[in-house]
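J.: See work-v9.txt below, with compact mmCIF, C-alpha atoms.
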# COMPACT_ATOMS: atom_id res chain seq x y z
CA MET A 1 69.35 86.81 56.82
CA ASP A 2 67.53 83.98 58.53
CA CYS A 3 69.35 82.28 61.35
CA TYR A 4 69.04 79.09 63.32
CA VAL A 5 69.79 79.59 67.02
CA PHE A 6 70.97 76.69 69.11
CA CYS A 7 71.50 77.11 72.89
CA GLN A 8 73.99 74.90 74.61
CA GLN A 9 76.19 74.87 77.71
CA PHE A 10 78.56 77.56 76.43
CA GLY A 11 75.93 80.03 75.30
CA ALA A 12 73.94 80.65 72.14
CA VAL A 13 75.31 79.55 68.78
CA VAL A 14 73.99 81.32 65.70
CA LEU A 15 74.10 79.47 62.41
CA PRO A 16 73.57 81.62 59.27
CA LEU A 17 71.36 79.92 56.71
CA GLY A 18 71.53 82.40 53.86
CA LYS A 19 68.79 83.82 51.73
CA GLY A 20 66.08 81.63 50.31
CA SER A 21 66.79 78.62 52.55
CA ALA A 22 64.50 76.92 55.00
CA LEU A 23 64.37 78.08 58.61
CA SER A 24 65.45 74.75 60.11
CA PRO A 25 67.29 72.52 57.61
CA LYS A 26 68.50 69.09 58.56
CA MET A 27 72.03 69.08 59.84
CA GLU A 28 73.82 65.81 59.34
CA SER A 29 77.37 66.18 60.57
CA LEU A 30 76.71 68.36 63.68
CA LYS A 31 75.30 66.41 66.61
CA LEU A 32 75.62 68.04 70.02
CA LYS A 33 75.01 65.79 73.00
CA THR A 34 72.59 66.96 75.66
CA HIS A 35 73.51 64.32 78.24
CA PRO A 36 76.64 64.69 80.41
CA GLY A 37 79.75 63.03 79.13
CA PRO A 38 82.69 63.61 76.82
CA GLY A 39 81.69 65.15 73.55
CA PRO A 40 82.69 67.80 71.02
CA ILE A 41 82.10 70.66 73.45
CA ASP A 42 84.16 68.92 76.13
CA SER A 43 87.20 69.01 73.87
CA LEU A 44 87.55 72.71 74.76
CA LYS A 45 89.52 71.68 77.80
CA TYR A 46 92.24 70.33 75.55
CA GLY A 47 92.20 72.88 72.76
CA GLY A 48 91.68 76.19 74.52
CA SER A 49 88.66 78.45 74.29
CA ARG A 50 87.75 77.98 70.60
CA LEU A 51 86.22 74.95 68.88
CA LYS A 52 85.71 74.62 65.14
CA LEU A 53 83.15 72.25 63.62
CA GLN A 54 82.25 71.67 59.98
CA LEU A 55 78.58 71.80 59.00
CA LYS A 56 76.96 70.08 56.05
CA PHE A 57 73.34 70.82 55.21
CA SER A 58 71.11 68.40 53.31
CA THR A 59 69.25 71.30 51.71
CA GLN A 60 70.97 72.09 48.43
CA SER A 61 71.44 75.82 48.05
CA PRO A 62 74.05 77.93 46.26
CA SER A 63 74.90 79.66 49.51
CA LEU A 64 75.14 76.35 51.42
CA SER A 65 76.96 74.23 48.86
CA GLN A 66 80.27 74.49 50.72
CA PRO A 67 80.77 73.27 54.32
CA ARG A 68 81.10 76.08 56.83
CA ALA A 69 83.15 76.30 60.00
CA LEU A 70 81.37 76.95 63.29
CA THR A 71 83.36 78.55 66.11
CA VAL A 72 82.19 78.11 69.71
CA ARG A 73 83.77 80.59 72.10
CA CYS A 74 84.21 80.24 75.86
CA ASP A 75 85.39 83.04 78.14
CA TYR A 76 86.97 80.67 80.65
CA PRO A 77 88.50 77.49 79.18
CA GLN A 78 88.14 74.35 81.22
CA ASN A 79 91.89 73.89 81.60
CA ALA A 80 94.80 76.33 81.36
CA ASP A 81 98.54 76.15 81.83
CA PHE A 82 100.12 77.16 85.10
CA PRO A 83 101.89 80.54 85.34
CA GLN A 84 105.33 80.26 83.80
CA TYR A 85 108.24 80.02 86.20
CA TYR A 86 111.18 82.24 85.33
CA SER A 87 114.66 81.38 86.50
CA LYS A 88 116.71 83.91 88.42
CA LYS A 89 119.22 83.87 85.59
CA GLU A 90 116.80 85.17 82.96
CA LYS A 91 115.16 88.55 82.60
CA LYS A 92 111.42 89.02 82.86
CA PRO A 93 109.70 89.59 79.52
CA PHE A 94 108.32 93.03 78.77
CA PRO A 95 104.51 93.31 79.05
CA ILE A 96 104.56 94.92 75.59
CA PRO A 97 107.44 93.99 73.27
CA ILE A 98 110.02 96.67 72.54
CA VAL A 99 109.21 96.52 68.83
CA GLU A 100 105.57 97.37 69.54
CA LEU A 101 106.55 100.22 71.87
CA ARG A 102 108.83 101.75 69.23
CA ARG A 103 106.20 101.38 66.54
CA ALA A 104 103.60 103.08 68.75
CA ALA A 105 106.04 105.90 69.57
CA ARG A 106 106.75 106.55 65.89
CA GLU A 107 103.05 106.56 65.11
CA ARG A 108 102.38 108.95 67.98
CA LEU A 109 105.09 111.37 66.82
CA LYS A 110 103.77 111.19 63.27
CA ASN A 111 100.23 112.05 64.37
CA GLN A 112 101.41 114.94 66.56
CA LYS A 113 103.59 116.52 63.89
CA GLY A 114 102.39 120.03 63.02
CA LYS A 115 99.74 120.06 65.76
CA PRO A 116 99.79 122.20 68.91
CA ARG A 117 100.94 120.43 72.04
CA ARG A 118 98.09 119.36 74.27
CA PRO A 119 98.16 120.12 78.00
CA MET A 120 99.16 117.12 80.09
CA PRO A 121 96.30 115.44 81.92
CA PRO A 122 96.53 114.35 85.57
CA PRO A 123 98.50 112.73 87.10
CA LYS A 124 101.27 113.79 84.69
CA ASN A 125 100.68 117.46 85.50
CA GLY A 126 101.10 116.94 89.25
CA LEU A 127 97.43 116.70 90.17
CA VAL A 128 95.62 113.61 91.39
CA VAL A 129 92.81 112.00 89.43
CA LYS A 130 89.77 112.95 91.50
CA GLY A 131 87.66 110.15 90.07
CA LEU A 132 90.10 107.53 91.42
CA ILE A 133 90.37 108.86 94.98
CA PRO A 134 87.43 106.74 96.29
CA LEU A 135 88.91 103.73 94.53
CA ALA A 136 92.25 104.28 96.28
CA TYR A 137 90.50 104.27 99.67
CA ASP A 138 88.63 101.10 98.73
CA VAL A 139 91.88 99.35 97.77
CA PHE A 140 93.51 100.44 101.03
CA ASN A 141 90.59 99.16 103.12
CA ALA A 142 90.36 95.94 101.09
CA ARG A 143 94.01 95.22 101.85
CA VAL A 144 93.45 95.75 105.59
CA THR A 145 90.32 93.57 105.52
CA LEU A 146 92.20 90.85 103.67
CA ILE A 147 95.02 90.81 106.25
CA ASN A 148 92.62 90.72 109.21
CA ASN A 149 90.52 87.93 107.72
CA LEU A 150 93.57 85.84 106.78
CA ARG A 151 94.77 86.00 110.37
CA LYS A 152 91.42 84.57 111.44
CA LEU A 153 91.34 81.89 108.75
CA LEU A 154 94.85 80.69 109.60
CA LYS A 155 93.46 79.59 112.98
CA VAL A 156 91.09 77.09 111.33
CA VAL A 157 92.64 76.35 107.90
CA PRO A 158 96.08 74.69 108.10
CA VAL A 159 98.75 76.36 105.96
CA HIS A 160 102.34 75.13 105.81
CA ALA A 161 105.52 76.94 104.75
CA CYS A 162 108.87 75.43 103.86
CA LYS A 163 111.70 76.14 106.29
CA TRP A 164 114.29 76.60 103.54
CA CYS A 165 112.44 78.08 100.53
CA ASN A 166 109.46 80.35 99.87
CA GLU A 167 107.01 77.59 98.91
CA ILE A 168 103.78 77.16 100.86
CA HIS A 169 101.00 74.57 100.86
CA VAL A 170 97.38 74.74 102.02
CA GLY A 171 96.16 71.47 103.48
CA PRO A 172 96.31 69.17 106.50
CA VAL A 173 99.86 68.07 105.62
CA GLY A 174 102.52 69.39 103.27
CA HIS A 175 102.70 68.09 99.71
CA PRO A 176 105.21 65.34 98.87
CA PHE A 177 106.69 67.00 95.75
CA LYS A 178 110.48 67.40 95.83
CA SER A 179 110.64 70.97 94.56
CA CYS A 180 112.68 72.74 97.25
CA ARG A 181 115.35 75.11 95.91
CA GLY A 182 116.59 76.46 99.24
CA PRO A 183 119.94 75.98 100.97
CA GLY A 184 120.91 72.32 101.29
CA ALA A 185 118.22 71.18 98.85
CA SER A 186 120.62 68.79 97.10
CA SER A 187 121.40 66.96 100.33
CA ARG A 188 117.68 66.64 101.07
CA ARG A 189 116.98 65.75 97.41
CA GLY A 190 114.51 68.61 97.14
CA THR A 191 112.32 67.51 100.04
CA HIS A 192 110.58 70.32 101.94
CA GLU A 193 110.64 70.79 105.71
CA TRP A 194 107.22 72.16 106.62
CA THR A 195 106.42 74.62 109.40
CA ASN A 196 103.37 76.73 110.24
CA ALA A 197 102.84 79.64 107.85
CA MET A 198 102.04 83.25 108.67
CA VAL A 199 100.24 86.02 106.80
CA GLU A 200 103.59 87.31 105.48
CA ASP A 201 104.11 83.97 103.72
CA ILE A 202 100.79 84.34 101.87
CA LEU A 203 100.87 88.08 101.16
CA VAL A 204 104.49 88.84 100.33
CA PRO A 205 105.55 92.12 102.02
CA LEU A 206 106.73 93.97 98.93
CA GLU A 207 108.12 97.39 99.85
CA ALA A 208 108.93 100.50 97.84
CA TYR A 209 110.36 103.95 98.54
CA HIS A 210 107.90 106.57 99.73
CA LEU A 211 107.98 109.69 97.53
CA PHE A 212 107.16 113.05 99.04
CA ASP A 213 106.93 114.54 95.54
CA ARG A 214 105.91 112.18 92.79
CA LEU A 215 107.35 114.49 90.12
CA GLY A 216 110.51 115.32 92.05
CA LYS A 217 114.06 114.22 91.35
CA ARG A 218 114.91 110.55 91.22
CA ILE A 219 116.21 108.91 94.38
CA SER A 220 120.00 108.69 94.21
CA HIS A 221 122.16 105.91 95.53
CA GLU A 222 123.29 108.03 98.49
CA GLN A 223 119.65 108.55 99.61
CA ARG A 224 118.73 104.86 99.75
CA PHE A 225 118.86 104.72 103.58
CA SER A 226 117.39 108.17 104.33
CA ILE A 227 114.06 107.67 102.53
CA PRO A 228 111.49 105.45 104.26
CA ARG A 229 110.22 102.28 102.62
CA ILE A 230 106.57 101.25 102.96
CA PRO A 231 104.42 98.54 101.36
CA ALA A 232 104.23 99.19 97.63
CA LEU A 233 100.43 98.92 97.52
CA ILE A 234 100.10 101.56 100.26
CA GLU A 235 102.46 103.85 98.32
CA LEU A 236 100.27 103.45 95.24
CA CYS A 237 97.17 104.37 97.27
CA ILE A 238 98.94 107.42 98.75
CA GLN A 239 99.90 108.71 95.30
CA ALA A 240 96.31 108.10 94.15
CA GLY A 241 94.84 110.32 96.88
CA VAL A 242 94.89 108.53 100.27
CA ASP A 243 96.13 110.87 103.00
CA LEU A 244 98.11 109.28 105.83
CA PRO A 245 99.54 111.63 108.50
CA GLU A 246 102.58 109.42 109.10
CA PHE A 247 103.52 109.51 105.40
CA PRO A 248 103.12 113.12 104.16
CA THR A 249 103.09 113.83 100.45
CA LYS A 250 102.90 116.96 98.33
CA ARG A 251 99.41 117.73 97.00
CA ARG A 252 99.33 120.31 94.22
CA ARG A 253 96.17 122.28 93.49
CA LYS A 254 97.44 123.74 90.19
CA PRO A 255 99.12 121.99 87.28
CA VAL A 256 102.87 122.31 87.01
CA ILE A 257 104.41 124.51 84.33
CA ARG A 258 106.70 122.59 81.99
CA ILE A 259 109.81 124.46 80.89
CA GLY A 260 111.58 121.47 79.38
CA LYS A 261 111.30 117.77 78.79
CA ASN A 262 112.29 116.90 82.35
CA GLU A 263 112.08 120.33 83.98
CA PHE A 264 109.08 122.10 85.48
CA ILE A 265 108.16 124.74 88.04
CA ASP A 266 105.23 124.79 90.42
CA ALA A 267 102.40 127.19 89.74
CA ASP A 268 101.68 130.02 92.19
CA GLU A 269 99.05 128.87 94.70
CA SER A 270 99.25 131.87 97.03
CA GLU A 271 95.90 133.28 95.92
CA LEU A 272 94.11 130.02 96.67
CA PRO A 273 92.45 129.64 100.09
CA ASP A 274 94.09 127.45 102.70
CA PRO A 275 92.66 123.92 102.35
CA GLY A 276 93.13 123.13 106.05
CA ASN A 277 93.19 119.66 107.56
CA LYS A 278 90.17 117.83 106.23
CA SER A 279 89.23 114.42 107.50
CA PRO A 280 88.93 111.76 104.79
CA GLU A 281 85.45 111.19 103.45
CA ILE A 282 85.96 107.42 103.59
CA PRO A 283 87.20 106.15 106.99
CA LEU A 284 90.36 104.06 106.96
CA LEU A 285 90.46 100.64 108.60
CA ASP A 286 93.20 99.49 110.96
CA GLU A 287 94.91 96.14 111.21
CA LEU A 288 93.82 94.15 114.25
CA PRO A 289 96.46 93.22 116.83
CA PRO A 290 96.97 89.50 117.49
CA GLU A 291 95.13 89.59 120.82
CA LYS A 292 91.93 90.85 119.13
CA ILE A 293 91.73 88.08 116.52
CA GLU A 294 88.44 86.21 116.91
CA VAL A 295 88.45 82.61 115.70
CA PRO A 296 85.29 81.40 113.86
CA SER A 297 83.29 79.11 116.15
CA ASN A 298 81.61 76.87 113.54
CA ALA A 299 81.74 75.91 109.88
CA GLU A 300 79.06 78.42 108.90
CA GLU A 301 81.01 81.37 110.28
CA THR A 302 84.14 80.06 108.60
CA ALA A 303 82.36 79.91 105.23
CA LEU A 304 81.05 83.46 105.60
CA LEU A 305 84.51 84.67 106.57
CA ALA A 306 86.03 82.88 103.57
CA GLU A 307 83.53 84.51 101.21
CA GLU A 308 84.31 87.95 102.66
CA THR A 309 88.05 87.31 102.33
CA LEU A 310 87.71 86.21 98.71
CA GLU A 311 85.64 89.31 97.92
CA ALA A 312 88.31 91.55 99.50
CA TRP A 313 91.00 89.78 97.47
CA GLU A 314 89.16 90.34 94.18
CA LYS A 315 88.29 93.93 95.12
CA MET A 316 91.93 94.70 95.91
CA ARG A 317 93.21 93.21 92.65
CA ARG A 318 90.58 94.91 90.48
CA GLY A 319 91.19 98.29 92.10
CA THR A 320 94.97 97.93 91.90
CA LYS A 321 94.76 97.12 88.21
CA ARG A 322 92.74 100.28 87.55
CA LEU A 323 95.13 102.44 89.57
CA MET A 324 98.16 101.06 87.73
CA LYS A 325 96.68 102.22 84.42
CA MET A 326 96.86 105.84 85.57
CA TYR A 327 99.74 105.81 88.06
CA PRO A 328 102.80 104.08 86.55
CA VAL A 329 104.58 101.37 88.51
CA ARG A 330 108.06 100.09 87.58
CA VAL A 331 109.59 96.72 88.34
CA CYS A 332 113.14 95.47 87.91
CA GLY A 333 113.48 92.89 85.17
CA TYR A 334 116.06 90.94 87.19
CA CYS A 335 114.81 91.13 90.81
CA PRO A 336 111.47 91.70 92.60
CA GLU A 337 112.19 95.38 93.38
CA VAL A 338 109.30 97.70 92.50
CA HIS A 339 109.03 101.48 92.39
CA VAL A 340 105.80 103.45 92.33
CA GLY A 341 106.45 106.44 90.10
CA PRO A 342 107.05 107.50 86.51
CA THR A 343 110.75 106.47 86.58
CA GLY A 344 112.65 104.04 88.77
CA HIS A 345 115.11 105.08 91.46
CA LYS A 346 118.90 105.10 91.06
CA ALA A 347 119.77 103.02 94.13
CA GLN A 348 122.31 100.39 93.08
CA ASN A 349 120.99 97.58 95.27
CA CYS A 350 120.12 94.94 92.67
CA GLY A 351 121.74 91.67 93.67
CA SER A 352 120.31 89.46 90.95
CA HIS A 353 122.18 87.44 88.34
CA LYS A 354 125.19 89.29 86.81
CA HIS A 355 124.48 92.49 88.75
CA GLN A 356 128.20 93.28 88.65
CA GLN A 357 127.93 94.03 84.93
CA ARG A 358 125.22 96.63 85.66
CA ASN A 359 127.02 98.00 88.75
CA GLY A 360 124.01 96.99 90.84
CA GLN A 361 121.58 99.14 88.84
CA HIS A 362 118.06 97.91 88.23
CA GLY A 363 116.63 97.17 84.81
CA TRP A 364 113.37 99.07 85.09
CA GLN A 365 110.36 98.14 82.99
CA ALA A 366 106.60 98.52 83.21
CA ALA A 367 105.05 96.39 85.95
CA VAL A 368 102.00 94.18 85.68
CA LEU A 369 99.45 93.33 88.36
CA ASP A 370 101.21 90.15 89.51
CA ASP A 371 104.41 92.14 90.14
CA LEU A 372 102.65 94.32 92.71
CA VAL A 373 100.14 91.80 94.12
CA LEU A 374 101.85 88.42 94.04
CA PRO A 375 99.27 85.60 93.76
CA ARG A 376 101.60 82.87 95.19
CA TYR A 377 100.21 79.81 93.41
CA VAL A 378 99.88 76.63 95.50
CA TRP A 379 98.73 73.10 94.76
CA HIS A 380 94.98 72.55 94.89
CA VAL A 381 93.82 69.72 97.16
CA PRO A 382 90.83 68.05 95.42
CA ASP A 383 89.46 66.31 98.53
CA LEU A 384 90.47 67.19 102.09
CA ASN A 385 88.98 63.94 103.41
CA GLY A 386 90.40 61.82 100.61
CA PRO A 387 93.89 60.45 100.03
CA MET A 388 96.96 62.67 100.18
CA LEU A 389 98.61 64.13 97.11
CA LYS A 390 100.87 61.60 95.40
CA ARG A 391 104.17 62.55 93.86
CA GLU A 392 103.62 60.26 90.86
CA LEU A 393 100.27 61.94 90.00
CA ARG A 394 101.62 65.49 89.96
CA ASN A 395 100.50 66.20 86.38
CA PHE A 396 96.85 65.62 87.31
CA TYR A 397 96.66 68.23 90.10
CA GLY A 398 95.81 71.89 89.64
CA GLN A 399 97.01 75.11 91.21
CA ALA A 400 95.38 78.26 92.57
CA PRO A 401 96.52 81.44 94.37
CA ALA A 402 97.14 80.83 98.04
CA VAL A 403 94.37 83.20 99.15
CA VAL A 404 91.86 81.50 96.85
CA GLU A 405 92.86 78.01 98.03
CA ILE A 406 92.52 79.04 101.68
CA CYS A 407 89.05 80.48 101.06
CA VAL A 408 87.94 77.44 99.06
CA GLN A 409 89.04 75.08 101.83
CA GLY A 410 87.27 77.38 104.28
CA GLY A 411 83.94 76.87 102.49
CA ALA A 412 83.81 79.58 99.81
CA ALA A 413 82.67 78.88 96.25
CA VAL A 414 85.35 78.56 93.60
CA PRO A 415 85.52 81.75 91.45
CA GLU A 416 85.00 81.17 87.75
CA GLN A 417 88.30 82.73 86.63
CA TYR A 418 90.38 80.35 88.75
CA LYS A 419 88.76 77.11 87.61
CA PRO A 420 90.98 76.63 84.51
CA THR A 421 94.20 76.34 86.54
CA MET A 422 92.59 74.33 89.34
CA ARG A 423 91.67 71.54 86.87
CA LEU A 424 88.45 70.67 88.65
CA ASP A 425 87.18 68.55 85.75
CA VAL A 426 90.28 66.36 85.46
CA GLY A 427 89.81 62.83 86.76
CA ILE A 428 92.62 61.80 89.12
CA PRO A 429 93.74 58.16 88.78
CA ALA A 430 93.64 55.95 91.85
CA ASN A 431 97.17 54.66 91.44
CA VAL A 432 100.23 54.89 89.20
CA LYS A 433 99.21 51.88 87.12
CA GLU A 434 95.95 53.56 86.20
CA ALA A 435 97.82 56.81 85.37
CA GLU A 436 100.04 54.99 82.87
CA MET A 437 96.93 53.96 80.95
CA VAL A 438 95.88 57.59 80.37
CA VAL A 439 96.42 58.65 76.77
Is it possible to express this structure as structure tokens?
T.:
Amino acid sequence: MDCYVFCQQFGAVVLPLGKGSALSPKMESLKLKTHPGPGPIDSLKYGGSRLKLQLKFSTQSPSLSQPRALTVRCDYPQNADFPQYYSKKEKKPFPIPIVELRRAARERLKNQKGKPRRPMPPPKNGLVVKGLIPLAYDVFNARVTLINNLRKLLKVVPVHACKWCNEIHVGPVGHPFKSCRGPGASSRRGTHEWTNAMVEDILVPLEAYHLFDRLGKRISHEQRFSIPRIPALIELCIQAGVDLPEFPTKRRRKPVIRIGKNEFIDADESELPDPGNKSPEIPLLDELPPEKIEVPSNAEETALLAEETLEAWEKMRRGTKRLMKMYPVRVCGYCPEVHVGPTGHKAQNCGSHKHQQRNGQHGWQAAVLDDLVLPRYVWHVPDLNGPMLKRELRNFYGQAPAVVEICVQGGAAVPEQYKPTMRLDVGIPANVKEAEMVV
């Protein structure tokens, strides 16, 4: 089949012409503009990542007698909605609906009927996935690098945190939006009281129980104070193969022997040689104390530091997403509590909405990346040297994760995947009167 290829801003578009037609027929109804300005392709920012156009060819052919629809695809739409805010009174949605999970389970049982049971792969059999051990070390070091670099950037990039709620803002002054939900917000009519932010305000310290044996018994309510709690991301790296002397964990060298659905015994490892204390192949980084934080001296050093911080942020999120596919992580559907392990713990410490009906028990479900690495979206400041954000023009401003906004204001380039929510192509009116004229 002959094709007519047309290259444009969003990639190559292939138009099938059919058999027996000319190579380049005249197209009447499709006119793509080559100069900058609003046009058919620009309407992607309003309609998502797909655009349909109808084509009519002047060449009369049986295969081209009917108008055809052309679909232009774009990986990153120009504009996207902000992450949905869920109230504390409603439960988080499941990543995969329950109906789909039940359908997949029935299909899996149907396919396994009459077949011999397969041996469980790691990490379900107690072993670690050897191919993911270097990735676990990279995620651990990326987290340490991110914390150290953020402490340096906070010396040159102003970041504000509300005194009463968990909202933060990156910019010379705090934003004027009345969105505070903290204590006494009604008396202040939702106005924030801004103070200087710290690294803990940007990277939320999310903790989880440290498991000595990942396949052991579930943590009971009576053990909730006797088991140490560490950052959840560090616990995920430990279960994936990172060895920390202060947090010992059980490393099996033989798969466990299953004697029931939830019962197993450890294999005999007495004939295996003693592994000894081996130093990690990849050295682990340490967090810098406050007295060793070096402030960038000029704008060039700040830009390089911002680029390095943004790279560590992306590296940590990509690696965490890969680890979560092999090592299950659970999150409570009512509160932010997370648990790194195949099943959640039994500690009855959920204090979310209507926890009395559940006797304080958590509603465990599969976690997603944003449950473990919170992005903390903040308002994007279009121009640091321009006018301040106006409360009446709130719908025209974009948002970005706090780490990304700090790096962008520090001089780093805007990553492609964050441009849709930052709304970089949206024109901001000069005043309220001009905003009322926008259709």
J.: Which residues of segment 123-182 of chain A sit at most 7 Å from segment 226-242 of chain A, using all atoms listed in the file? Give each one's shortest atom pair and distance in Å (one decimal place), in chain and ascending residue order, as a Markdown table.
T.:
| residue | atom | partner | partner_atom | distance |
| --- | --- | --- | --- | --- |
| A:Val128 | CA | A:Ala240 | CA | 6.2 |
| A:Leu132 | CA | A:Ala240 | CA | 6.8 |
| A:Ile133 | CA | A:Gly241 | CA | 5.1 |
| A:Ala136 | CA | A:Cys237 | CA | 5.0 |
| A:Tyr137 | CA | A:Val242 | CA | 6.1 |
| A:Phe140 | CA | A:Cys237 | CA | 6.6 |
J.: Atoms to include: C-alpha atoms. Write the selected residues as a tab-separated table (two decimals), in the coordinates of the input.
T.:
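Listed below is the output, part-v3.tsv:
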chain	number	residue	atom	x	y	z
A	128	VAL	CA	95.62	113.61	91.39
A	132	LEU	CA	90.10	107.53	91.42
A	133	ILE	CA	90.37	108.86	94.98
A	136	ALA	CA	92.25	104.28	96.28
A	137	TYR	CA	90.50	104.27	99.67
A	140	PHE	CA	93.51	100.44	101.03
J.: Excluding same-chain residues fewer than 2 positions from Val368 of chain A, what lies within 10 Å of it counting only C-alpha atoms, as an MDAnalysis selection string?
T.: chainID A and resid 94:95 321 324:325 328:331 365:366 370:373
J.: Between atom CA of Leu424 of chain A and atom CA of Asn196 of chain A, what is the distance in Å, rounded to a tenth?
T.: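 Distance between the two atoms: 26.9 Å.
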J.: Can you work out the spacing between atom CA of Tyr377 of chain A and atom CA of Thr421 of chain A in Å, to one decimal?
T.: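 That distance, rounded to one decimal, is 9.8 Å.
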J.: Write out as number ranges by chain which residues come within 6 Å of Val378 of chain A when counting all atoms listed in the file, dropping same-chain ones fewer than 4 positions away.
T.: A: 169, 399-402
J.: Could you check how far atom CA of Leu135 of chain A sits from atom CA of Val414 of chain A, in Å to one decimal?
T.: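 Distance between the two atoms: 25.4 Å.
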J.: So which residues touch Glu436 of chain A within 12 Å, counting all atoms listed in the file, skipping near sequence neighbours fewer than 4 positions away, as a list in words?
T.: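 The neighbour list is Glu392, Leu393, Asn395, Phe396, Ile428, Pro429, Ala430, Asn431 and Val432 of chain A.
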J.: Using only C-alpha atoms, pick whichever of A:Asp243, A:Arg391, A:Thr309, A:Met326 has the shortest atom-to-atom distance to Ala413 of chain A.
T.: A:Thr309
J.: Would you mind telling me which residue in A:Ser220, A:Glu314, A:Val408, A:Ala161 lies nearest to Gln361 of chain A when using all atoms listed in the file?
T.: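 Result for the nearest residue to Gln361 of chain A: A:Ser220.
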J.: List as a list in words the protein and nucleic acid residues near segment 253-264 of chain A, meaning an atom at most 10 Å away when all atoms listed in the file are counted, but skip any in the same chain fewer than 6 places from it.
T.: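 Once the nearby chain positions are removed, what remains is Pro119, Met120, Pro121, Pro122, Pro123, Lys124, Asn125, Gly126, Leu127, Val128, Leu215, Gly216, Lys217, Leu272 and Pro275 of chain A.
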J.: Which of these, A:Phe82, A:Pro283, A:Gly174, A:Ala208, has the shortest distance to Val381 of chain A once you count only C-alpha atoms?
T.: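 Using only C-alpha atoms, the shortest distance to Val381 of chain A belongs to A:Gly174.
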J.: Please return, as a PyMOL selection string, all polymer residues that have at least one atom within 9 Å of the point (88.6, 93.5, 102.9); use all atoms listed in the file and the file's own coordinate frame.
T.: chain A and resi 138-149+308-313+315-316
J.: Given the choices A:Arg189, A:Arg106, A:Arg423, A:Arg376, which gets closest to Pro83 of chain A if the distance is worked out from only C-alpha atoms?
T.: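 Comparing A:Arg189, A:Arg106, A:Arg423, A:Arg376 against Pro83 of chain A, the winner is A:Arg376.
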J.: Just so I have it separately, write segment 292-302 of chain A from the block I sent, keeping N, CA, C and O atoms, as a short mmCIF file (atom, residue, chain, number, x, y, z; two decimals), in the first residue's frame.
T.:
data_model
loop_
_atom_site.label_atom_id
_atom_site.label_comp_id
_atom_site.auth_asym_id
_atom_site.auth_seq_id
_atom_site.Cartn_x
_atom_site.Cartn_y
_atom_site.Cartn_z
N LYS A 292 27.92 20.56 57.54
CA LYS A 292 28.70 20.28 56.33
C LYS A 292 27.95 20.63 55.04
O LYS A 292 28.40 20.26 53.96
N ILE A 293 26.85 21.34 55.15
CA ILE A 293 26.09 21.74 53.97
C ILE A 293 26.79 22.93 53.32
O ILE A 293 26.99 23.97 53.96
N GLU A 294 27.16 22.78 52.05
CA GLU A 294 27.83 23.84 51.31
C GLU A 294 26.81 24.54 50.40
O GLU A 294 26.16 23.89 49.58
N VAL A 295 26.69 25.84 50.56
CA VAL A 295 25.74 26.62 49.78
C VAL A 295 26.34 26.95 48.42
O VAL A 295 27.52 27.32 48.33
N PRO A 296 25.59 26.79 47.31
CA PRO A 296 26.12 27.18 46.00
C PRO A 296 26.48 28.66 45.98
O PRO A 296 25.76 29.51 46.51
N SER A 297 27.62 28.97 45.37
CA SER A 297 28.14 30.34 45.39
C SER A 297 27.59 31.21 44.27
O SER A 297 27.54 32.43 44.41
N ASN A 298 27.19 30.62 43.14
CA ASN A 298 26.69 31.43 42.03
C ASN A 298 25.53 30.70 41.36
O ASN A 298 25.15 29.58 41.74
N ALA A 299 24.97 31.35 40.35
CA ALA A 299 23.80 30.80 39.66
C ALA A 299 24.15 29.55 38.87
O ALA A 299 23.32 28.64 38.73
N GLU A 300 25.38 29.48 38.35
CA GLU A 300 25.77 28.30 37.57
C GLU A 300 25.84 27.06 38.45
O GLU A 300 25.36 25.99 38.06
N GLU A 301 26.43 27.19 39.63
CA GLU A 301 26.48 26.05 40.54
C GLU A 301 25.08 25.65 41.00
O GLU A 301 24.79 24.45 41.18
N THR A 302 24.22 26.63 41.19
CA THR A 302 22.85 26.33 41.59
C THR A 302 22.12 25.55 40.51
O THR A 302 21.37 24.60 40.79
#
